[in-house]
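Okay, my_file-v1.txt now, which holds compact mmCIF, N, CA and C atoms:
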```txt
# COMPACT_ATOMS: atom_id res chain seq x y z
N LYS A 1 3.84 -5.59 -12.90
CA LYS A 1 4.72 -4.86 -12.00
C LYS A 1 4.17 -4.83 -10.58
N THR A 2 2.89 -4.56 -10.44
CA THR A 2 2.30 -4.50 -9.10
C THR A 2 2.40 -5.85 -8.41
N HIS A 3 2.15 -6.93 -9.14
CA HIS A 3 2.27 -8.26 -8.57
C HIS A 3 3.69 -8.51 -8.06
N THR A 4 4.69 -8.06 -8.81
CA THR A 4 6.09 -8.22 -8.40
C THR A 4 6.36 -7.47 -7.10
N MET A 5 5.77 -6.31 -6.94
CA MET A 5 5.98 -5.52 -5.72
C MET A 5 5.25 -6.12 -4.52
N LEU A 6 4.01 -6.56 -4.72
CA LEU A 6 3.18 -7.02 -3.61
C LEU A 6 3.28 -8.52 -3.36
N GLY A 7 3.38 -9.29 -4.44
CA GLY A 7 3.41 -10.74 -4.31
C GLY A 7 2.03 -11.32 -4.12
N ALA A 8 2.02 -12.62 -3.81
CA ALA A 8 0.75 -13.33 -3.62
C ALA A 8 0.86 -14.29 -2.45
N GLY A 9 1.29 -13.79 -1.34
CA GLY A 9 1.43 -14.64 -0.16
C GLY A 9 2.82 -14.59 0.40
N ALA A 10 3.18 -15.63 1.15
CA ALA A 10 4.48 -15.68 1.81
C ALA A 10 5.42 -16.62 1.06
N GLY A 11 6.63 -16.74 1.57
CA GLY A 11 7.61 -17.65 0.98
C GLY A 11 7.97 -17.24 -0.44
N PRO A 12 8.01 -18.21 -1.34
CA PRO A 12 8.43 -17.90 -2.71
C PRO A 12 7.43 -17.01 -3.46
N GLU A 13 6.22 -16.88 -2.94
CA GLU A 13 5.21 -16.04 -3.57
C GLU A 13 5.26 -14.59 -3.07
N ALA A 14 6.12 -14.30 -2.11
CA ALA A 14 6.21 -12.94 -1.55
C ALA A 14 6.76 -11.97 -2.59
N GLY A 15 6.29 -10.75 -2.52
CA GLY A 15 6.75 -9.72 -3.44
C GLY A 15 7.97 -8.98 -2.89
N ILE A 16 8.42 -8.00 -3.65
CA ILE A 16 9.61 -7.24 -3.27
C ILE A 16 9.41 -6.50 -1.94
N ILE A 17 8.25 -5.90 -1.74
CA ILE A 17 8.03 -5.15 -0.50
C ILE A 17 8.14 -6.05 0.73
N PRO A 18 7.39 -7.16 0.81
CA PRO A 18 7.54 -7.99 2.01
C PRO A 18 8.93 -8.58 2.17
N ARG A 19 9.58 -8.92 1.07
CA ARG A 19 10.94 -9.47 1.15
C ARG A 19 11.93 -8.42 1.67
N ALA A 20 11.80 -7.20 1.19
CA ALA A 20 12.70 -6.12 1.63
C ALA A 20 12.49 -5.82 3.12
N VAL A 21 11.24 -5.73 3.54
CA VAL A 21 10.94 -5.47 4.95
C VAL A 21 11.50 -6.59 5.82
N LYS A 22 11.33 -7.82 5.37
CA LYS A 22 11.85 -8.96 6.13
C LYS A 22 13.36 -8.85 6.30
N LYS A 23 14.08 -8.52 5.23
CA LYS A 23 15.54 -8.39 5.30
C LYS A 23 15.95 -7.27 6.26
N VAL A 24 15.27 -6.14 6.19
CA VAL A 24 15.59 -5.02 7.08
C VAL A 24 15.35 -5.41 8.53
N LEU A 25 14.22 -6.06 8.81
CA LEU A 25 13.92 -6.49 10.17
C LEU A 25 14.91 -7.53 10.68
N GLU A 26 15.31 -8.45 9.82
CA GLU A 26 16.30 -9.46 10.21
C GLU A 26 17.63 -8.80 10.55
N GLN A 27 18.05 -7.83 9.75
CA GLN A 27 19.31 -7.14 10.01
C GLN A 27 19.22 -6.32 11.30
N ALA A 28 18.09 -5.70 11.55
CA ALA A 28 17.90 -4.94 12.79
C ALA A 28 18.01 -5.87 14.00
N GLU A 29 17.46 -7.06 13.88
CA GLU A 29 17.54 -8.03 14.97
C GLU A 29 18.99 -8.48 15.19
N THR A 30 19.73 -8.71 14.13
CA THR A 30 21.13 -9.09 14.23
C THR A 30 21.94 -7.99 14.92
N LEU A 31 21.68 -6.74 14.57
CA LEU A 31 22.44 -5.63 15.14
C LEU A 31 22.03 -5.30 16.59
N ARG A 32 20.89 -5.81 17.02
CA ARG A 32 20.45 -5.62 18.41
C ARG A 32 21.52 -6.18 19.37
N ALA A 33 22.14 -7.29 18.99
CA ALA A 33 23.19 -7.90 19.82
C ALA A 33 24.40 -6.98 19.98
N LYS A 34 24.56 -6.05 19.07
CA LYS A 34 25.69 -5.10 19.13
C LYS A 34 25.29 -3.77 19.75
N GLY A 35 24.07 -3.72 20.30
CA GLY A 35 23.64 -2.52 21.01
C GLY A 35 22.80 -1.54 20.22
N TYR A 36 22.39 -1.90 19.02
CA TYR A 36 21.56 -1.01 18.20
C TYR A 36 20.08 -1.30 18.43
N GLU A 37 19.30 -0.25 18.42
CA GLU A 37 17.84 -0.35 18.48
C GLU A 37 17.28 0.38 17.27
N TYR A 38 16.29 -0.19 16.64
CA TYR A 38 15.72 0.42 15.44
C TYR A 38 14.23 0.68 15.60
N VAL A 39 13.80 1.79 15.04
CA VAL A 39 12.39 2.11 14.93
C VAL A 39 12.12 2.27 13.44
N MET A 40 11.06 1.60 12.97
CA MET A 40 10.70 1.67 11.56
C MET A 40 9.26 2.10 11.41
N GLU A 41 9.06 3.04 10.50
CA GLU A 41 7.72 3.52 10.18
C GLU A 41 7.54 3.48 8.68
N ALA A 42 6.31 3.24 8.25
CA ALA A 42 6.04 3.15 6.82
C ALA A 42 4.86 4.02 6.43
N SER A 43 4.94 4.50 5.20
CA SER A 43 3.84 5.21 4.55
C SER A 43 3.64 4.55 3.20
N TYR A 44 2.45 4.72 2.65
CA TYR A 44 2.17 4.17 1.33
C TYR A 44 1.33 5.21 0.60
N VAL A 45 1.83 5.71 -0.52
CA VAL A 45 1.12 6.76 -1.24
C VAL A 45 0.96 6.39 -2.72
N GLU A 46 -0.02 7.02 -3.33
CA GLU A 46 -0.27 6.88 -4.76
C GLU A 46 -0.10 8.25 -5.39
N ILE A 47 0.53 8.27 -6.55
CA ILE A 47 0.68 9.53 -7.29
C ILE A 47 0.02 9.37 -8.65
N TYR A 48 -0.88 10.29 -8.93
CA TYR A 48 -1.55 10.30 -10.22
C TYR A 48 -1.71 11.75 -10.65
N ASN A 49 -1.27 12.05 -11.85
CA ASN A 49 -1.46 13.39 -12.40
C ASN A 49 -0.91 14.47 -11.45
N GLU A 50 0.26 14.17 -10.89
CA GLU A 50 0.99 15.08 -9.98
C GLU A 50 0.26 15.33 -8.66
N GLN A 51 -0.72 14.52 -8.34
CA GLN A 51 -1.43 14.60 -7.06
C GLN A 51 -1.05 13.38 -6.22
N ILE A 52 -0.85 13.60 -4.93
CA ILE A 52 -0.45 12.53 -4.02
C ILE A 52 -1.65 12.16 -3.14
N ARG A 53 -1.88 10.85 -2.98
CA ARG A 53 -2.96 10.37 -2.13
C ARG A 53 -2.41 9.37 -1.12
N ASP A 54 -2.78 9.53 0.13
CA ASP A 54 -2.36 8.65 1.21
C ASP A 54 -3.23 7.39 1.19
N LEU A 55 -2.63 6.26 0.85
CA LEU A 55 -3.40 5.01 0.77
C LEU A 55 -3.68 4.38 2.13
N LEU A 56 -3.10 4.93 3.19
CA LEU A 56 -3.35 4.40 4.53
C LEU A 56 -4.39 5.20 5.29
N LYS A 57 -4.78 6.32 4.74
CA LYS A 57 -5.77 7.17 5.40
C LYS A 57 -7.14 6.86 4.81
N PRO A 58 -8.04 6.33 5.62
CA PRO A 58 -9.37 6.00 5.10
C PRO A 58 -10.05 7.23 4.48
N GLY A 59 -10.59 7.05 3.30
CA GLY A 59 -11.33 8.13 2.64
C GLY A 59 -10.46 9.19 1.98
N ALA A 60 -9.15 8.98 1.93
CA ALA A 60 -8.27 9.98 1.31
C ALA A 60 -8.56 10.06 -0.18
N ASP A 61 -8.44 11.25 -0.72
CA ASP A 61 -8.62 11.42 -2.15
C ASP A 61 -7.54 12.33 -2.72
N HIS A 62 -7.61 12.55 -4.01
CA HIS A 62 -6.59 13.35 -4.68
C HIS A 62 -6.81 14.85 -4.51
N ASP A 63 -7.86 15.24 -3.81
CA ASP A 63 -8.10 16.67 -3.59
C ASP A 63 -7.24 17.23 -2.47
N GLU A 64 -6.72 16.35 -1.60
CA GLU A 64 -5.86 16.83 -0.53
C GLU A 64 -4.56 17.36 -1.13
N LYS A 65 -4.03 18.38 -0.53
CA LYS A 65 -2.80 18.99 -1.04
C LYS A 65 -1.61 18.46 -0.24
N LEU A 66 -1.13 17.30 -0.62
CA LEU A 66 0.04 16.71 0.01
C LEU A 66 1.25 17.07 -0.83
N SER A 67 2.39 17.22 -0.18
CA SER A 67 3.59 17.59 -0.92
C SER A 67 4.80 16.85 -0.38
N ILE A 68 5.83 16.83 -1.19
CA ILE A 68 7.09 16.18 -0.81
C ILE A 68 8.06 17.25 -0.34
N ALA A 69 8.66 17.01 0.82
CA ALA A 69 9.63 17.95 1.38
C ALA A 69 10.99 17.27 1.43
N VAL A 70 12.01 18.03 1.08
CA VAL A 70 13.38 17.54 1.14
C VAL A 70 14.14 18.39 2.13
N ASN A 71 14.82 17.72 3.05
CA ASN A 71 15.63 18.43 4.04
C ASN A 71 16.87 18.98 3.34
N PRO A 72 17.11 20.31 3.38
CA PRO A 72 18.27 20.87 2.69
C PRO A 72 19.60 20.34 3.23
N ALA A 73 19.61 19.86 4.46
CA ALA A 73 20.84 19.32 5.06
C ALA A 73 21.07 17.86 4.65
N GLY A 74 20.16 17.32 3.88
CA GLY A 74 20.27 15.93 3.46
C GLY A 74 19.26 15.07 4.20
N GLY A 75 19.28 13.82 3.91
CA GLY A 75 18.35 12.90 4.56
C GLY A 75 17.23 12.51 3.62
N CYS A 76 16.23 11.93 4.21
CA CYS A 76 15.13 11.35 3.43
C CYS A 76 14.11 12.39 3.03
N PRO A 77 13.64 12.30 1.79
CA PRO A 77 12.48 13.11 1.43
C PRO A 77 11.27 12.60 2.22
N THR A 78 10.37 13.48 2.54
CA THR A 78 9.19 13.13 3.33
C THR A 78 7.95 13.65 2.63
N VAL A 79 6.90 12.85 2.63
CA VAL A 79 5.61 13.30 2.11
C VAL A 79 4.86 13.89 3.29
N LEU A 80 4.66 15.20 3.25
CA LEU A 80 4.01 15.90 4.35
C LEU A 80 2.53 15.57 4.41
N GLY A 81 2.04 15.30 5.61
CA GLY A 81 0.61 15.09 5.82
C GLY A 81 0.13 13.67 5.66
N VAL A 82 1.04 12.71 5.38
CA VAL A 82 0.58 11.32 5.26
C VAL A 82 0.79 10.57 6.56
N MET A 83 0.02 9.52 6.73
CA MET A 83 0.13 8.69 7.92
C MET A 83 1.42 7.87 7.86
N ARG A 84 2.06 7.73 9.01
CA ARG A 84 3.19 6.83 9.17
C ARG A 84 2.80 5.82 10.24
N GLU A 85 2.97 4.56 9.90
CA GLU A 85 2.64 3.51 10.86
C GLU A 85 3.91 2.76 11.25
N THR A 86 4.01 2.44 12.53
CA THR A 86 5.15 1.69 13.03
C THR A 86 5.12 0.29 12.46
N VAL A 87 6.28 -0.18 12.00
CA VAL A 87 6.42 -1.53 11.46
C VAL A 87 7.35 -2.30 12.39
N ARG A 88 6.77 -3.31 13.06
CA ARG A 88 7.55 -4.13 14.00
C ARG A 88 7.75 -5.56 13.49
N SER A 89 7.03 -5.90 12.43
CA SER A 89 7.12 -7.27 11.92
C SER A 89 6.76 -7.30 10.43
N VAL A 90 7.11 -8.41 9.80
CA VAL A 90 6.74 -8.60 8.40
C VAL A 90 5.22 -8.65 8.28
N ASP A 91 4.56 -9.26 9.25
CA ASP A 91 3.10 -9.34 9.22
C ASP A 91 2.47 -7.95 9.29
N ALA A 92 3.04 -7.07 10.13
CA ALA A 92 2.52 -5.70 10.23
C ALA A 92 2.68 -4.98 8.89
N ALA A 93 3.83 -5.17 8.24
CA ALA A 93 4.04 -4.54 6.94
C ALA A 93 3.10 -5.13 5.90
N ALA A 94 2.87 -6.44 5.94
CA ALA A 94 1.96 -7.08 4.99
C ALA A 94 0.54 -6.56 5.17
N ASP A 95 0.13 -6.35 6.42
CA ASP A 95 -1.20 -5.80 6.70
C ASP A 95 -1.32 -4.40 6.12
N LEU A 96 -0.29 -3.60 6.32
CA LEU A 96 -0.27 -2.23 5.80
C LEU A 96 -0.39 -2.25 4.26
N VAL A 97 0.36 -3.14 3.62
CA VAL A 97 0.33 -3.25 2.16
C VAL A 97 -1.05 -3.70 1.68
N ARG A 98 -1.66 -4.65 2.39
CA ARG A 98 -3.00 -5.12 2.02
C ARG A 98 -4.03 -3.99 2.10
N ARG A 99 -3.95 -3.20 3.18
CA ARG A 99 -4.89 -2.08 3.33
C ARG A 99 -4.69 -1.05 2.23
N ALA A 100 -3.43 -0.78 1.88
CA ALA A 100 -3.15 0.18 0.82
C ALA A 100 -3.66 -0.35 -0.53
N ALA A 101 -3.45 -1.63 -0.78
CA ALA A 101 -3.92 -2.22 -2.03
C ALA A 101 -5.44 -2.19 -2.10
N ALA A 102 -6.10 -2.41 -0.96
CA ALA A 102 -7.57 -2.36 -0.93
C ALA A 102 -8.06 -0.95 -1.21
N ALA A 103 -7.40 0.04 -0.64
CA ALA A 103 -7.78 1.43 -0.89
C ALA A 103 -7.61 1.78 -2.36
N ARG A 104 -6.55 1.28 -2.94
CA ARG A 104 -6.30 1.53 -4.36
C ARG A 104 -7.33 0.80 -5.21
N ALA A 105 -7.70 -0.42 -4.82
CA ALA A 105 -8.69 -1.20 -5.58
C ALA A 105 -10.05 -0.52 -5.55
N VAL A 106 -10.42 0.03 -4.40
CA VAL A 106 -11.70 0.74 -4.30
C VAL A 106 -11.70 1.92 -5.27
N GLU A 107 -10.60 2.65 -5.28
CA GLU A 107 -10.48 3.79 -6.19
C GLU A 107 -10.54 3.32 -7.64
N SER A 108 -9.90 2.17 -7.93
CA SER A 108 -9.85 1.73 -9.32
C SER A 108 -11.22 1.36 -9.85
N THR A 109 -12.12 0.89 -8.99
CA THR A 109 -13.46 0.57 -9.48
C THR A 109 -14.24 1.85 -9.78
N GLN A 110 -13.89 2.92 -9.09
CA GLN A 110 -14.56 4.18 -9.33
C GLN A 110 -13.97 4.94 -10.52
N MET A 111 -12.71 4.70 -10.81
CA MET A 111 -12.05 5.41 -11.89
C MET A 111 -10.95 4.52 -12.45
N ASN A 112 -11.32 3.51 -13.20
CA ASN A 112 -10.39 2.48 -13.64
C ASN A 112 -9.21 3.02 -14.44
N ALA A 113 -9.43 3.96 -15.30
CA ALA A 113 -8.33 4.48 -16.11
C ALA A 113 -7.26 5.12 -15.24
N GLN A 114 -7.66 5.74 -14.17
CA GLN A 114 -6.70 6.40 -13.29
C GLN A 114 -5.78 5.39 -12.62
N SER A 115 -6.33 4.34 -12.06
CA SER A 115 -5.53 3.41 -11.27
C SER A 115 -4.46 2.74 -12.10
N SER A 116 -4.72 2.49 -13.37
CA SER A 116 -3.73 1.82 -14.20
C SER A 116 -2.60 2.77 -14.63
N ARG A 117 -2.77 4.05 -14.40
CA ARG A 117 -1.73 5.02 -14.78
C ARG A 117 -1.13 5.74 -13.56
N SER A 118 -1.41 5.22 -12.38
CA SER A 118 -0.86 5.85 -11.18
C SER A 118 0.38 5.09 -10.72
N HIS A 119 1.21 5.77 -9.97
CA HIS A 119 2.40 5.20 -9.37
C HIS A 119 2.13 5.02 -7.87
N THR A 120 2.72 4.01 -7.27
CA THR A 120 2.62 3.88 -5.82
C THR A 120 4.02 3.83 -5.23
N LEU A 121 4.13 4.37 -4.01
CA LEU A 121 5.41 4.39 -3.30
C LEU A 121 5.22 3.84 -1.90
N PHE A 122 6.01 2.84 -1.57
CA PHE A 122 6.09 2.32 -0.21
C PHE A 122 7.33 2.96 0.40
N LEU A 123 7.15 3.70 1.48
CA LEU A 123 8.24 4.44 2.11
C LEU A 123 8.50 3.86 3.49
N LEU A 124 9.68 3.31 3.69
CA LEU A 124 10.05 2.75 4.99
C LEU A 124 11.14 3.63 5.60
N TYR A 125 10.78 4.31 6.69
CA TYR A 125 11.70 5.21 7.39
C TYR A 125 12.33 4.44 8.55
N ILE A 126 13.65 4.42 8.60
CA ILE A 126 14.38 3.62 9.57
C ILE A 126 15.27 4.54 10.41
N THR A 127 15.15 4.43 11.73
CA THR A 127 16.01 5.18 12.64
C THR A 127 16.69 4.19 13.57
N GLY A 128 18.01 4.22 13.57
CA GLY A 128 18.79 3.33 14.43
C GLY A 128 19.55 4.12 15.46
N THR A 129 19.55 3.63 16.69
CA THR A 129 20.25 4.30 17.78
C THR A 129 21.18 3.31 18.46
N HIS A 130 22.41 3.77 18.71
CA HIS A 130 23.38 2.98 19.47
C HIS A 130 23.61 3.73 20.77
N ALA A 131 22.99 3.25 21.84
CA ALA A 131 23.00 3.96 23.12
C ALA A 131 24.40 4.19 23.66
N ALA A 132 25.27 3.19 23.56
CA ALA A 132 26.61 3.29 24.14
C ALA A 132 27.43 4.41 23.50
N SER A 133 27.27 4.61 22.20
CA SER A 133 28.05 5.65 21.51
C SER A 133 27.26 6.95 21.36
N GLY A 134 25.96 6.88 21.62
CA GLY A 134 25.12 8.07 21.45
C GLY A 134 24.82 8.38 20.00
N GLN A 135 25.12 7.48 19.12
CA GLN A 135 24.94 7.69 17.69
C GLN A 135 23.51 7.34 17.26
N THR A 136 22.93 8.21 16.43
CA THR A 136 21.63 7.96 15.83
C THR A 136 21.76 8.17 14.33
N LEU A 137 21.31 7.20 13.58
CA LEU A 137 21.33 7.27 12.13
C LEU A 137 19.92 7.06 11.61
N SER A 138 19.61 7.72 10.52
CA SER A 138 18.29 7.50 9.91
C SER A 138 18.44 7.40 8.41
N GLY A 139 17.52 6.68 7.83
CA GLY A 139 17.51 6.50 6.39
C GLY A 139 16.12 6.06 5.95
N CYS A 140 15.98 5.90 4.67
CA CYS A 140 14.68 5.46 4.17
C CYS A 140 14.87 4.56 2.97
N LEU A 141 13.94 3.64 2.85
CA LEU A 141 13.89 2.74 1.71
C LEU A 141 12.61 3.09 0.96
N ASN A 142 12.77 3.49 -0.28
CA ASN A 142 11.62 3.85 -1.11
C ASN A 142 11.46 2.80 -2.21
N LEU A 143 10.34 2.10 -2.19
CA LEU A 143 10.06 1.10 -3.21
C LEU A 143 8.90 1.61 -4.05
N VAL A 144 9.11 1.68 -5.36
CA VAL A 144 8.19 2.34 -6.26
C VAL A 144 7.63 1.38 -7.30
N ASP A 145 6.31 1.43 -7.45
CA ASP A 145 5.62 0.68 -8.50
C ASP A 145 5.17 1.72 -9.53
N LEU A 146 5.90 1.79 -10.64
CA LEU A 146 5.56 2.77 -11.68
C LEU A 146 4.42 2.27 -12.54
N ALA A 147 3.63 3.20 -13.03
CA ALA A 147 2.47 2.86 -13.87
C ALA A 147 2.91 2.11 -15.12
```
Written as structure tokens, that's how I'd like the structure from this file.
Amino acid sequence: KTHTMLGAGAGPEAGIIPRAVKKVLEQAETLRAKGYEYVMEASYVEIYNEQIRDLLKPGADHDEKLSIAVNPAGGCPTVLGVMRETVRSVDAAADLVRRAAAARAVESTQMNAQSSRSHTLFLLYITGTHAASGQTLSGCLNLVDLA
């Protein structure tokens, strides 16, 4: 499952995460001609035993008290306290995924049983603005690798 999400390189070896980011970025570029501008940010977290760990924060562990917040008016759930990094290219997203996988691998050598039973979530937050109409829309793409 993890291999399917991450892949093993580019092209036909790319996983679901890089392919999805590529499609979103391509669509954002297409809509730029119609006056839309997009900002994309990503987070990557691991959940084990109901504890959330930020895989992009160096030295993060499961002792931190991170939580998921849902806006009562609707919109994307947010993991409070995790790093969000701007994603401007497929390469930037691939780098983010590599760093998260490395953080998870380091943890797995220290506690192998845990890593094989943890879930990971790649969270891509997308905000689009159309200046001429004054419209702003936001959404999120959540890609999950279940244990």
Give me the stretch 18-57 of chain A side of the contact with stretch 84-102 of chain A, cut-off 7 Å, one line per residue showing its nearest atom pair and distance in Å at one decimal, counting only N, CA and C atoms, sorted by chain and residue number, as CSV.
```
residue,atom,partner,partner_atom,distance
A:Pro18,CA,A:Ala94,N,6.3
A:Val21,C,A:Val90,CA,5.8
A:Lys22,N,A:Val90,CA,5.6
A:Val39,C,A:Val87,N,6.5
A:Met40,C,A:Val87,N,3.8
A:Glu41,CA,A:Glu85,C,4.0
A:Ala42,N,A:Glu85,C,3.9
A:Ser43,N,A:Arg84,CA,4.9
A:Tyr44,CA,A:Ala100,CA,6.7
A:Leu55,C,A:Ala100,CA,4.4
A:Leu56,N,A:Ala100,CA,5.3
```
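Going from atom CA of A:Arg32 to atom C of A:Thr129 covers 9.0 Å.
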Distance criterion (all atoms listed in the file): nearest to A:Met5 out of A:Met83, A:Val144, A:Ile47, A:Ala69 |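 Smallest distance to A:Met5 is found for A:Val144.
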Interatomic distance, atom CA of A:Gln51 to atom N of A:Arg19 (Å, one decimal) |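 Taking atom CA of A:Gln51 as the start and atom N of A:Arg19 as the end point, the length is 27.2 Å.
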Selected residue, from A:Thr78, A:Ser67, A:Thr127, A:Thr120, that lies nearest to A:Tyr38 when counting all atoms listed in the file | A:Thr127
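Our summary of the geometry notes that atom CA of A:Leu80 is positioned 22.0 Å from atom CA of A:Ile17.
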Going by DSSP on the backbone, which bits of stretch 38-145 of chain A are strand (DSSP E)? Write them as a ChimeraX atom specification, please.
-> /A:38-48,51-54,67-69,78-80,85-86,119-130,135-145
Taking the DSSP assignment computed from this structure's backbone, write out as an MDAnalysis selection string all residues of stretch 15-146 of chain A that belong to helix (DSSP H, G or I).
-> chainID A and resid 16:32 90:110 112:115
What's the 10 Å shell around A:Glu64, counting only C-alpha atoms, without same-chain residues fewer than 6 positions away, as a list in words?
->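 Those residues are Gln51, Ile52, Arg53, Asp54 and Gly81 of chain A.
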N, CA and C atoms of the current selection, written as a PDB file, in the coordinates of the input:
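See result.pdb below for the written result:
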```pdb
ATOM      1  N   GLN A  51      -0.720  14.520  -8.340  1.00  0.00           N
ATOM      2  CA  GLN A  51      -1.430  14.600  -7.060  1.00  0.00           C
ATOM      3  C   GLN A  51      -1.050  13.380  -6.220  1.00  0.00           C
ATOM      4  N   ILE A  52      -0.850  13.600  -4.930  1.00  0.00           N
ATOM      5  CA  ILE A  52      -0.450  12.530  -4.020  1.00  0.00           C
ATOM      6  C   ILE A  52      -1.650  12.160  -3.140  1.00  0.00           C
ATOM      7  N   ARG A  53      -1.880  10.850  -2.980  1.00  0.00           N
ATOM      8  CA  ARG A  53      -2.960  10.370  -2.130  1.00  0.00           C
ATOM      9  C   ARG A  53      -2.410   9.370  -1.120  1.00  0.00           C
ATOM     10  N   ASP A  54      -2.780   9.530   0.130  1.00  0.00           N
ATOM     11  CA  ASP A  54      -2.360   8.650   1.210  1.00  0.00           C
ATOM     12  C   ASP A  54      -3.230   7.390   1.190  1.00  0.00           C
ATOM     13  N   GLY A  81       2.040  15.300   5.610  1.00  0.00           N
ATOM     14  CA  GLY A  81       0.610  15.090   5.820  1.00  0.00           C
ATOM     15  C   GLY A  81       0.130  13.670   5.660  1.00  0.00           C
TER      16      GLY A  81
END
```
For A:Gly139, the nearest of the candidates A:Cys76, A:Pro12, A:Glu26, A:Leu31, counting only C-alpha atoms = A:Cys76
Provide an axis-aligned box for all listed atoms of stretch 134-139 of chain A, padding each side by 6 Å; report its centre and its edge lengths in Å to one decimal, as JSON.
```
{"center_x": 21.0, "center_y": 7.2, "center_z": 13.8, "size_x": 21.8, "size_y": 14.3, "size_z": 27.7}
```
